[in-house]
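**Student:** My structure is stored as my_file-v3.txt, with compact mmCIF, C-alpha atoms.
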# COMPACT_ATOMS: atom_id res chain seq x y z
CA MET Y 24 9.12 -0.77 -31.98
CA GLN Y 25 6.41 0.28 -29.53
CA ARG Y 26 6.56 3.60 -27.73
CA ILE Y 27 7.93 3.37 -24.18
CA LYS Y 28 6.86 5.63 -21.29
CA VAL Y 29 9.58 7.57 -19.48
CA LEU Y 30 9.43 9.61 -16.27
CA VAL Y 31 12.09 12.33 -16.05
CA VAL Y 32 13.22 13.25 -12.52
CA ASP Y 33 15.36 16.40 -12.38
CA ASP Y 34 15.06 19.69 -10.51
CA SER Y 35 16.43 21.57 -13.53
CA ARG Y 36 13.81 22.58 -16.09
CA ILE Y 37 16.60 22.90 -18.64
CA SER Y 38 17.74 19.32 -18.07
CA CYS Y 39 14.15 18.06 -18.29
CA ALA Y 40 13.66 19.95 -21.55
CA MET Y 41 16.92 18.58 -22.97
CA ILE Y 42 15.97 14.99 -22.17
CA ALA Y 43 12.48 15.47 -23.59
CA ASP Y 44 13.97 16.97 -26.75
CA ILE Y 45 16.31 13.99 -27.19
CA LEU Y 46 13.54 11.44 -26.64
CA LYS Y 47 10.85 13.10 -28.76
CA LYS Y 48 12.80 12.00 -31.83
CA THR Y 49 12.69 8.35 -30.71
CA ASN Y 50 10.15 5.71 -29.67
CA PHE Y 51 10.37 6.87 -26.04
CA ASP Y 52 7.62 9.16 -24.71
CA VAL Y 53 8.17 11.45 -21.72
CA VAL Y 54 4.84 11.01 -19.93
CA ALA Y 55 5.72 13.14 -16.89
CA ALA Y 56 8.48 15.10 -15.16
CA ALA Y 57 9.20 15.54 -11.45
CA SER Y 58 11.42 18.11 -9.76
CA ASN Y 59 11.84 16.38 -6.38
CA ALA Y 60 11.69 12.92 -4.81
CA ALA Y 61 8.18 13.25 -3.36
CA GLU Y 62 6.79 14.30 -6.71
CA ALA Y 63 8.73 11.54 -8.46
CA VAL Y 64 7.14 8.87 -6.25
CA GLU Y 65 3.69 10.38 -6.82
CA LYS Y 66 4.18 10.56 -10.59
CA TYR Y 67 5.54 7.01 -10.69
CA ARG Y 68 2.41 5.70 -8.93
CA GLU Y 69 0.20 7.66 -11.33
CA TYR Y 70 1.88 6.82 -14.65
CA MET Y 71 3.74 3.55 -13.94
CA PRO Y 72 6.35 4.39 -16.58
CA ASP Y 73 8.52 1.82 -18.31
CA ALA Y 74 11.72 3.69 -17.35
CA VAL Y 75 12.95 6.59 -15.22
CA THR Y 76 15.80 9.03 -15.76
CA MET Y 77 16.99 10.06 -12.30
CA ASP Y 78 19.03 13.14 -11.37
CA MET Y 79 21.40 12.64 -8.43
CA ASN Y 80 20.77 15.98 -6.69
CA LEU Y 81 17.16 16.69 -5.71
CA PRO Y 82 15.89 19.27 -3.19
CA ASP Y 83 14.33 16.80 -0.74
CA ALA Y 84 16.46 13.64 -1.22
CA ASN Y 85 19.23 12.41 -3.45
CA GLY Y 86 18.56 10.29 -6.52
CA ILE Y 87 19.61 7.08 -4.78
CA GLU Y 88 17.07 7.53 -1.98
CA CYS Y 89 14.42 8.51 -4.52
CA SER Y 90 15.19 5.35 -6.49
CA ARG Y 91 14.80 3.24 -3.33
CA ARG Y 92 11.35 4.75 -2.75
CA ILE Y 93 10.29 4.05 -6.32
CA ARG Y 94 11.47 0.47 -6.12
CA GLU Y 95 9.39 0.00 -2.97
CA ILE Y 96 6.41 0.66 -5.24
CA ASP Y 97 7.74 -1.42 -8.12
CA SER Y 98 10.66 -3.77 -7.55
CA GLY Y 99 11.12 -4.04 -11.30
CA ALA Y 100 11.50 -0.29 -11.90
CA ARG Y 101 14.04 0.53 -14.61
CA ILE Y 102 16.12 3.55 -13.60
CA VAL Y 103 18.90 5.40 -15.40
CA MET Y 104 20.97 7.62 -13.10
CA ILE Y 105 22.07 10.89 -14.71
CA SER Y 106 24.56 12.93 -12.69
CA ALA Y 107 27.35 15.44 -13.03
CA MET Y 108 29.42 12.93 -11.04
CA LYS Y 109 30.11 9.31 -11.95
CA ASP Y 110 32.51 7.50 -9.67
CA THR Y 111 32.83 3.96 -8.35
CA SER Y 112 31.41 4.73 -4.91
CA LEU Y 113 28.34 6.46 -6.35
CA MET Y 114 27.71 3.62 -8.78
CA MET Y 115 28.02 1.01 -6.02
CA GLN Y 116 25.48 2.86 -3.89
CA GLY Y 117 23.22 3.18 -6.91
CA ARG Y 118 23.38 -0.51 -7.71
CA GLU Y 119 22.44 -1.33 -4.11
CA ALA Y 120 19.34 0.84 -4.67
CA GLY Y 121 18.47 -1.07 -7.86
CA ILE Y 122 19.93 1.32 -10.44
CA THR Y 123 21.64 -0.51 -13.28
CA SER Y 124 22.60 2.24 -15.71
CA PHE Y 125 24.65 5.39 -15.08
CA LEU Y 126 25.24 8.39 -17.36
CA GLN Y 127 27.25 11.55 -16.76
CA LYS Y 128 26.21 15.08 -17.66
CA PRO Y 129 26.31 16.59 -20.23
CA ILE Y 130 24.09 13.92 -21.74
CA VAL Y 131 25.17 12.34 -25.00
CA PRO Y 132 21.89 11.66 -26.87
CA ASN Y 133 22.92 8.28 -28.25
CA ASP Y 134 24.15 7.12 -24.84
CA LEU Y 135 20.77 7.96 -23.28
CA ILE Y 136 18.82 6.23 -26.05
CA ASP Y 137 21.08 3.17 -25.87
CA ALA Y 138 20.74 2.96 -22.08
CA LEU Y 139 16.95 3.16 -22.20
CA THR Y 140 16.76 0.66 -25.06
CA PHE Y 141 18.92 -1.81 -23.13
CA LEU Y 142 16.84 -1.43 -19.96
CA CYS Y 143 13.53 -1.78 -21.79
CA GLN Y 144 14.36 -4.48 -24.30
CA GLU Y 145 12.35 -7.12 -22.43
CA LYS Y 146 9.37 -4.78 -22.20
CA LEU Y 147 9.68 -3.91 -25.87
CA SER Y 148 9.75 -7.57 -26.78
CA GLN Y 149 6.73 -8.39 -24.59
CA ILE Y 150 4.64 -5.54 -25.99
CA GLY Y 151 5.51 -6.47 -29.55
CA GLN Y 152 4.61 -10.11 -29.01
CA LEU Y 153 1.28 -9.35 -27.35
CA LYS Y 154 0.34 -6.90 -30.07
CA GLU Y 155 1.24 -9.31 -32.85
CA LEU Y 156 -0.33 -12.38 -31.24
CA TYR Y 157 -3.55 -10.95 -29.84
CA VAL Y 158 -4.21 -7.22 -30.20
CA LYS Y 159 -4.19 -7.14 -34.00
CA SER Y 160 -6.81 -9.88 -34.08
CA PHE Y 161 -9.06 -8.07 -31.59
CA ALA Y 162 -8.71 -4.82 -33.58
CA GLN Y 163 -9.73 -6.58 -36.79
CA VAL Y 164 -12.66 -8.30 -35.08
CA LEU Y 165 -13.83 -5.00 -33.56
CA GLU Y 166 -13.87 -3.32 -36.97
CA LYS Y 167 -15.67 -6.24 -38.61
CA SER Y 168 -18.14 -6.67 -35.75
CA LEU Y 169 -19.16 -3.00 -35.69
CA PHE Y 170 -20.12 -3.24 -39.33
CA GLY Y 171 -21.88 -6.56 -38.84
CA LEU Y 172 -23.78 -5.53 -35.70
CA VAL Y 173 -24.75 -1.91 -36.37
CA GLY Y 174 -23.74 -1.35 -40.00
CA VAL Y 175 -21.09 1.29 -39.43
CA HIS Y 176 -17.65 1.62 -40.92
CA SER Y 177 -14.87 2.53 -38.51
CA LYS Y 178 -11.36 3.88 -38.43
CA VAL Y 179 -9.42 1.71 -35.99
CA SER Y 180 -6.19 2.64 -34.18
CA THR Y 181 -4.22 0.88 -31.45
CA GLU Y 182 -1.89 2.16 -28.73
CA VAL Y 183 -0.32 0.90 -25.54
CA ALA Y 184 -2.48 2.00 -22.58
CA SER Y 185 -0.89 3.78 -19.63
CA GLY Y 186 -1.64 4.42 -15.97
CA HIS Y 187 -2.90 2.41 -13.00
CA TYR Y 188 -6.55 3.05 -13.90
CA LEU Y 189 -8.87 3.19 -16.87
CA GLU Y 190 -11.16 6.22 -16.57
CA VAL Y 191 -14.57 5.91 -18.23
CA THR Y 192 -17.60 8.20 -18.41
CA GLY Y 193 -20.53 6.30 -19.87
CA ILE Y 194 -20.65 2.52 -20.04
CA ALA Y 195 -17.96 -0.11 -19.50
CA VAL Y 196 -18.54 -3.81 -20.16
CA ILE Y 197 -15.86 -5.92 -18.45
CA ILE Y 198 -15.17 -9.47 -19.64
CA GLY Y 199 -12.51 -11.73 -18.14
CA LEU Y 200 -10.13 -13.69 -20.35
CA THR Y 201 -9.23 -17.11 -18.97
CA GLY Y 202 -7.23 -20.04 -20.22
CA THR Y 203 -4.26 -18.98 -22.33
CA PRO Y 204 -3.56 -16.11 -22.04
CA THR Y 205 -5.32 -14.61 -19.02
CA GLY Y 206 -6.44 -11.03 -18.73
CA ARG Y 207 -9.54 -8.95 -19.34
CA ALA Y 208 -11.32 -7.01 -22.05
CA ILE Y 209 -13.31 -3.81 -21.55
CA VAL Y 210 -15.63 -2.39 -24.20
CA TYR Y 211 -16.54 1.19 -23.34
CA MET Y 212 -18.08 4.35 -24.78
CA ASP Y 213 -19.75 7.55 -23.60
CA HIS Y 214 -23.47 7.86 -22.83
CA GLU Y 215 -24.46 9.43 -26.14
CA THR Y 216 -22.61 6.80 -28.16
CA MET Y 217 -24.19 4.10 -26.00
CA ARG Y 218 -27.70 5.31 -26.87
CA LYS Y 219 -26.96 5.65 -30.60
CA PHE Y 220 -25.20 2.29 -30.69
CA ALA Y 221 -28.04 0.52 -28.87
CA ARG Y 222 -30.73 2.00 -31.13
CA ALA Y 223 -28.79 0.91 -34.21
CA LEU Y 224 -28.26 -2.56 -32.77
CA VAL Y 225 -31.97 -3.21 -32.13
CA GLY Y 226 -33.21 -1.42 -35.25
CA LYS Y 227 -34.78 1.62 -33.61
CA GLU Y 228 -34.91 5.04 -35.25
CA PRO Y 229 -32.79 7.86 -33.72
CA GLU Y 230 -35.90 9.59 -32.40
CA ASP Y 231 -37.33 6.44 -30.74
CA ASP Y 232 -37.36 6.27 -26.95
CA MET Y 233 -34.99 3.83 -25.25
CA SER Y 234 -34.20 3.56 -21.57
CA ASP Y 235 -30.61 3.60 -20.35
CA GLU Y 236 -31.19 0.12 -18.91
CA ASP Y 237 -32.20 -1.26 -22.31
CA ALA Y 238 -29.32 0.59 -23.97
CA SER Y 239 -26.77 -0.84 -21.53
CA ASP Y 240 -28.18 -4.35 -22.00
CA ALA Y 241 -27.79 -3.98 -25.76
CA VAL Y 242 -24.19 -2.78 -25.49
CA GLU Y 243 -23.39 -5.59 -23.05
CA GLU Y 244 -24.66 -8.18 -25.50
CA ALA Y 245 -22.68 -6.60 -28.35
CA ALA Y 246 -19.52 -6.53 -26.23
CA ASN Y 247 -19.96 -10.19 -25.35
CA ILE Y 248 -20.26 -11.04 -29.05
CA ILE Y 249 -17.22 -8.94 -30.03
CA ILE Y 250 -14.93 -10.41 -27.38
CA GLY Y 251 -16.22 -13.92 -28.00
CA HIS Y 252 -15.49 -13.60 -31.71
CA GLY Y 253 -12.04 -12.19 -30.95
CA ALA Y 254 -11.17 -15.07 -28.64
CA SER Y 255 -12.40 -17.60 -31.20
CA VAL Y 256 -10.25 -16.07 -33.95
CA ILE Y 257 -7.18 -16.18 -31.71
CA ASN Y 258 -7.86 -19.78 -30.72
CA ASP Y 259 -8.13 -20.83 -34.36
CA LEU Y 260 -5.19 -18.82 -35.68
CA LYS Y 261 -2.79 -19.13 -32.75
CA GLU Y 262 -3.88 -22.54 -31.43
CA LYS Y 263 -4.68 -21.08 -28.01
CA GLU Y 264 -7.33 -21.94 -25.43
CA MET Y 265 -8.64 -18.48 -24.58
CA ARG Y 266 -12.07 -18.39 -22.93
CA ILE Y 267 -14.29 -15.54 -21.78
CA SER Y 268 -16.19 -15.03 -18.53
CA PRO Y 269 -19.74 -13.61 -18.28
CA PRO Y 270 -19.78 -9.83 -18.78
CA GLY Y 271 -20.15 -7.31 -16.00
CA THR Y 272 -21.44 -3.84 -16.86
CA ILE Y 273 -20.98 -0.49 -15.14
CA VAL Y 274 -22.77 2.70 -16.18
CA GLY Y 275 -21.83 6.02 -14.60
CA ARG Y 276 -20.32 9.47 -14.82
CA SER Y 277 -16.92 8.65 -13.40
CA ILE Y 278 -15.91 4.99 -13.64
CA ARG Y 279 -12.42 4.01 -12.52
CA ILE Y 280 -11.19 0.52 -13.35
CA ALA Y 281 -7.93 -0.76 -11.89
CA ASN Y 282 -5.21 -1.68 -14.36
CA PHE Y 283 -2.54 -3.08 -12.01
CA LYS Y 284 -0.07 -5.76 -13.08
CA MET Y 285 -1.26 -5.79 -16.67
CA THR Y 286 0.14 -4.87 -20.04
CA SER Y 287 -2.80 -3.11 -21.67
CA PHE Y 288 -3.69 -1.83 -25.11
CA ARG Y 289 -6.38 0.63 -26.17
CA ILE Y 290 -8.16 -0.01 -29.47
CA LYS Y 291 -10.20 2.95 -30.69
CA ALA Y 292 -12.87 2.67 -33.39
CA GLU Y 293 -14.07 6.02 -34.74
CA THR Y 294 -17.59 5.69 -36.17
CA ARG Y 295 -20.49 7.95 -37.17
CA LEU Y 296 -22.23 6.87 -33.95
CA GLY Y 297 -19.28 7.97 -31.80
CA ASP Y 298 -16.04 6.44 -30.59
CA VAL Y 299 -16.08 2.83 -29.40
CA PHE Y 300 -13.13 1.67 -27.30
CA LEU Y 301 -11.76 -1.75 -26.48
CA ASN Y 302 -9.16 -2.05 -23.74
CA ILE Y 303 -7.33 -5.41 -23.76
CA GLY Y 304 -5.16 -6.20 -20.73
CA PHE Y 305 -2.93 -9.23 -20.29
CA ALA Y 306 -1.62 -10.47 -16.97
CA GLU Y 307 2.10 -9.91 -16.59
CA GLY Y 308 4.14 -12.94 -17.51
CA GLU Y 309 1.85 -14.04 -20.35
Would you kindly transcribe this structure into structure tokens?
**Tutor:**
Amino acid sequence: MQRIKVLVVDDSRISCAMIADILKKTNFDVVAAASNAAEAVEKYREYMPDAVTMDMNLPDANGIECSRRIREIDSGARIVMISAMKDTSLMMQGREAGITSFLQKPIVPNDLIDALTFLCQEKLSQIGQLKELYVKSFAQVLEKSLFGLVGVHSKVSTEVASGHYLEVTGIAVIIGLTGTPTGRAIVYMDHETMRKFARALVGKEPEDDMSDEDASDAVEEAANIIIGHGASVINDLKEKEMRISPPGTIVGRSIRIANFKMTSFRIKAETRLGDVFLNIGFAEGE
């Protein structure tokens, strides 16, 4: 099972710590905590978690109002209400605000885990399917391509990406995925890795001069090859019709790439030249 991001909303540090302690032993990750409604909305926008645990009593608004605000951002937000009180009236109000699960304090660990698992089962299934169908193939192609293109071995790891944005310092090559499924791929690395990678790709020695423009062109071409090979493997193995669009390249100190409405994965290849990353994002509903 993939790890699922959880935002904890509670004005009690003890309650937040208790929930975090329960979930750290599971496949749920507490990515952030908020102590009031305003902070909860801000943290939800920032992290876009898969689920929220919501305290009823907050300093600036109750948990129902806070839930309404969150669902204005994301109508599909999954929220578990956790309160010292649990009565029919409260639950009816909560359901009107989009809350579907209710737990009463003190929290029973298994009840919390079961509630989150139930709420996130569709997300868990989607992540698992995307990883099995597509991400594994791209990870294997990345590893093989790095050796074929620049002669380096790599240690490859994969994780579900989080947040509204992908932050990059260095170079990012963006390639659209069309056909089936749709999405986008981003190959990125820092400036130093870009220069080393480019020199290795074109057969230059480490001490040879190479402009950043030439280096970025070399990385762009390599990224196009890697993603093209990945799409071809998927088409052959999975009988899909994935196609790639021409690459677009950005080089800079602080690059921010939007990641809205996508389920994304980060593939990291650790090499002697530096870390090479591949972010694969699939449009929701694929």
**Student:** Take CA of Glu243 in chain Y and CA of His187 in chain Y and report the distance between them in Å, one decimal.
**Tutor:**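 For CA of Glu243 in chain Y relative to CA of His187 in chain Y, the distance reads 24.2 Å.
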**Student:** Counting only C-alpha atoms, select every polymer residue within 7 Å of (10.8, 11.2, -11.7) as defined in the file's coordinates, and provide the selection as a ChimeraX atom specification.
**Tutor:** /Y:30-33,56-57,63-64,66-67,75-77
**Student:** Skipping near chain neighbours, those fewer than 4 positions away, what residues fall within 12 Å of Ile42 in chain Y using only C-alpha atoms, listed as a PyMOL selection string?
**Tutor:** chain Y and resi 29-33+35-38+46-49+51-53+55-56+75-78+105+128-136+139
**Student:** From the set Y:Met114, Y:Ala292, Y:Ser58, Y:Glu145, which residue has the shortest atom-to-atom contact distance to Arg101 in chain Y, counting all atoms listed in the file?
**Tutor:**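 For Arg101 in chain Y, the nearest of the candidates is Y:Glu145.
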**Student:** So, counting only C-alpha atoms, which residue among Y:Val164, Y:Met71, Y:Lys219, Y:Lys28 is closest to Arg94 in chain Y?
**Tutor:**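 The shortest atom-to-atom distance to Arg94 in chain Y comes from Y:Met71.
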**Student:** Using only C-alpha atoms, which protein or nucleic acid residues come within 7 Å of range 209-218 of chain Y? Drop anything in the same chain fewer than 6 positions from it, and give the result as a compact mmCIF listing (two decimals) with C-alpha atoms, keeping the file's coordinate frame.
**Tutor:**
# COMPACT_ATOMS: atom_id res chain seq x y z
CA THR Y 192 -17.60 8.20 -18.41
CA GLY Y 193 -20.53 6.30 -19.87
CA ILE Y 194 -20.65 2.52 -20.04
CA ALA Y 195 -17.96 -0.11 -19.50
CA VAL Y 196 -18.54 -3.81 -20.16
CA ILE Y 197 -15.86 -5.92 -18.45
CA ILE Y 198 -15.17 -9.47 -19.64
CA ALA Y 238 -29.32 0.59 -23.97
CA VAL Y 242 -24.19 -2.78 -25.49
CA ALA Y 246 -19.52 -6.53 -26.23
CA LEU Y 296 -22.23 6.87 -33.95
CA GLY Y 297 -19.28 7.97 -31.80
CA ASP Y 298 -16.04 6.44 -30.59
CA VAL Y 299 -16.08 2.83 -29.40
CA PHE Y 300 -13.13 1.67 -27.30
CA LEU Y 301 -11.76 -1.75 -26.48
CA ASN Y 302 -9.16 -2.05 -23.74
CA ILE Y 303 -7.33 -5.41 -23.76
**Student:** Nearest to Thr203 in chain Y: which of Y:Leu126, Y:Ala61, Y:Leu189, Y:Ala254 is it, counting only C-alpha atoms?
**Tutor:**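 Answer, going by the shortest atom-to-atom distance: Y:Ala254.
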**Student:** Identify which of the residues Y:Ser255, Y:Thr286, Y:Ser239, Y:Ser234 lies closest to Ile273 in chain Y, counting all atoms listed in the file when measuring atom-to-atom distances.
**Tutor:**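 Once distances to Ile273 in chain Y are computed over all atoms listed in the file, the minimum belongs to Y:Ser239.
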**Student:** Quick check, in Å to one decimal: how far apart do CA of Met108 in chain Y and CA of Leu81 in chain Y lie?
**Tutor:**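 Separation of CA of Met108 in chain Y and CA of Leu81 in chain Y: 13.9 Å.
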**Student:** Which residues come within 10 Å of Tyr157 in chain Y, counting only C-alpha atoms, excluding same-chain residues fewer than 3 positions away, as a list of chain:residue names?
**Tutor:**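 Close residues of Tyr157 in chain Y: Y:Gln152, Y:Leu153, Y:Lys154, Y:Ser160, Y:Phe161, Y:Ala162, Y:Pro204, Y:Gly253, Y:Ala254, Y:Val256, Y:Ile257, Y:Asn258, Y:Leu260, Y:Lys261, Y:Ile303, Y:Phe305.
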**Student:** Go ahead and compute the interatomic distance for CA of Gly251 in chain Y and CA of Arg26 in chain Y, in Å to one decimal.
**Tutor:** 28.7 Å
**Student:** Using all atoms listed in the file, can you tell me which of Y:Asp259, Y:Asp232, Y:Asp110, Y:Asp97 comes closest to Gln127 in chain Y?
**Tutor:**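 Of Y:Asp259, Y:Asp232, Y:Asp110, Y:Asp97, the one nearest Gln127 in chain Y is Y:Asp110, counting all atoms listed in the file.
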**Student:** Using all atoms listed in the file for the distances, tell me which of Y:Ile248, Y:Ala184, Y:Cys143, Y:Ala223 is nearest to Gly304 in chain Y.
**Tutor:**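 The answer is Y:Ala184, which sits nearest to Gly304 in chain Y.
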**Student:** Can you tell me, as a list of chain:residue names, what residues are no more than 10 Å from Lys167 in chain Y when counting all atoms listed in the file, ignoring any on the same chain fewer than 6 positions away?
**Tutor:**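 These residues fall inside the cut-off: Y:Phe161, Y:Gly174, Y:Val175, Y:His176, Y:Ser177, Y:Ile249.
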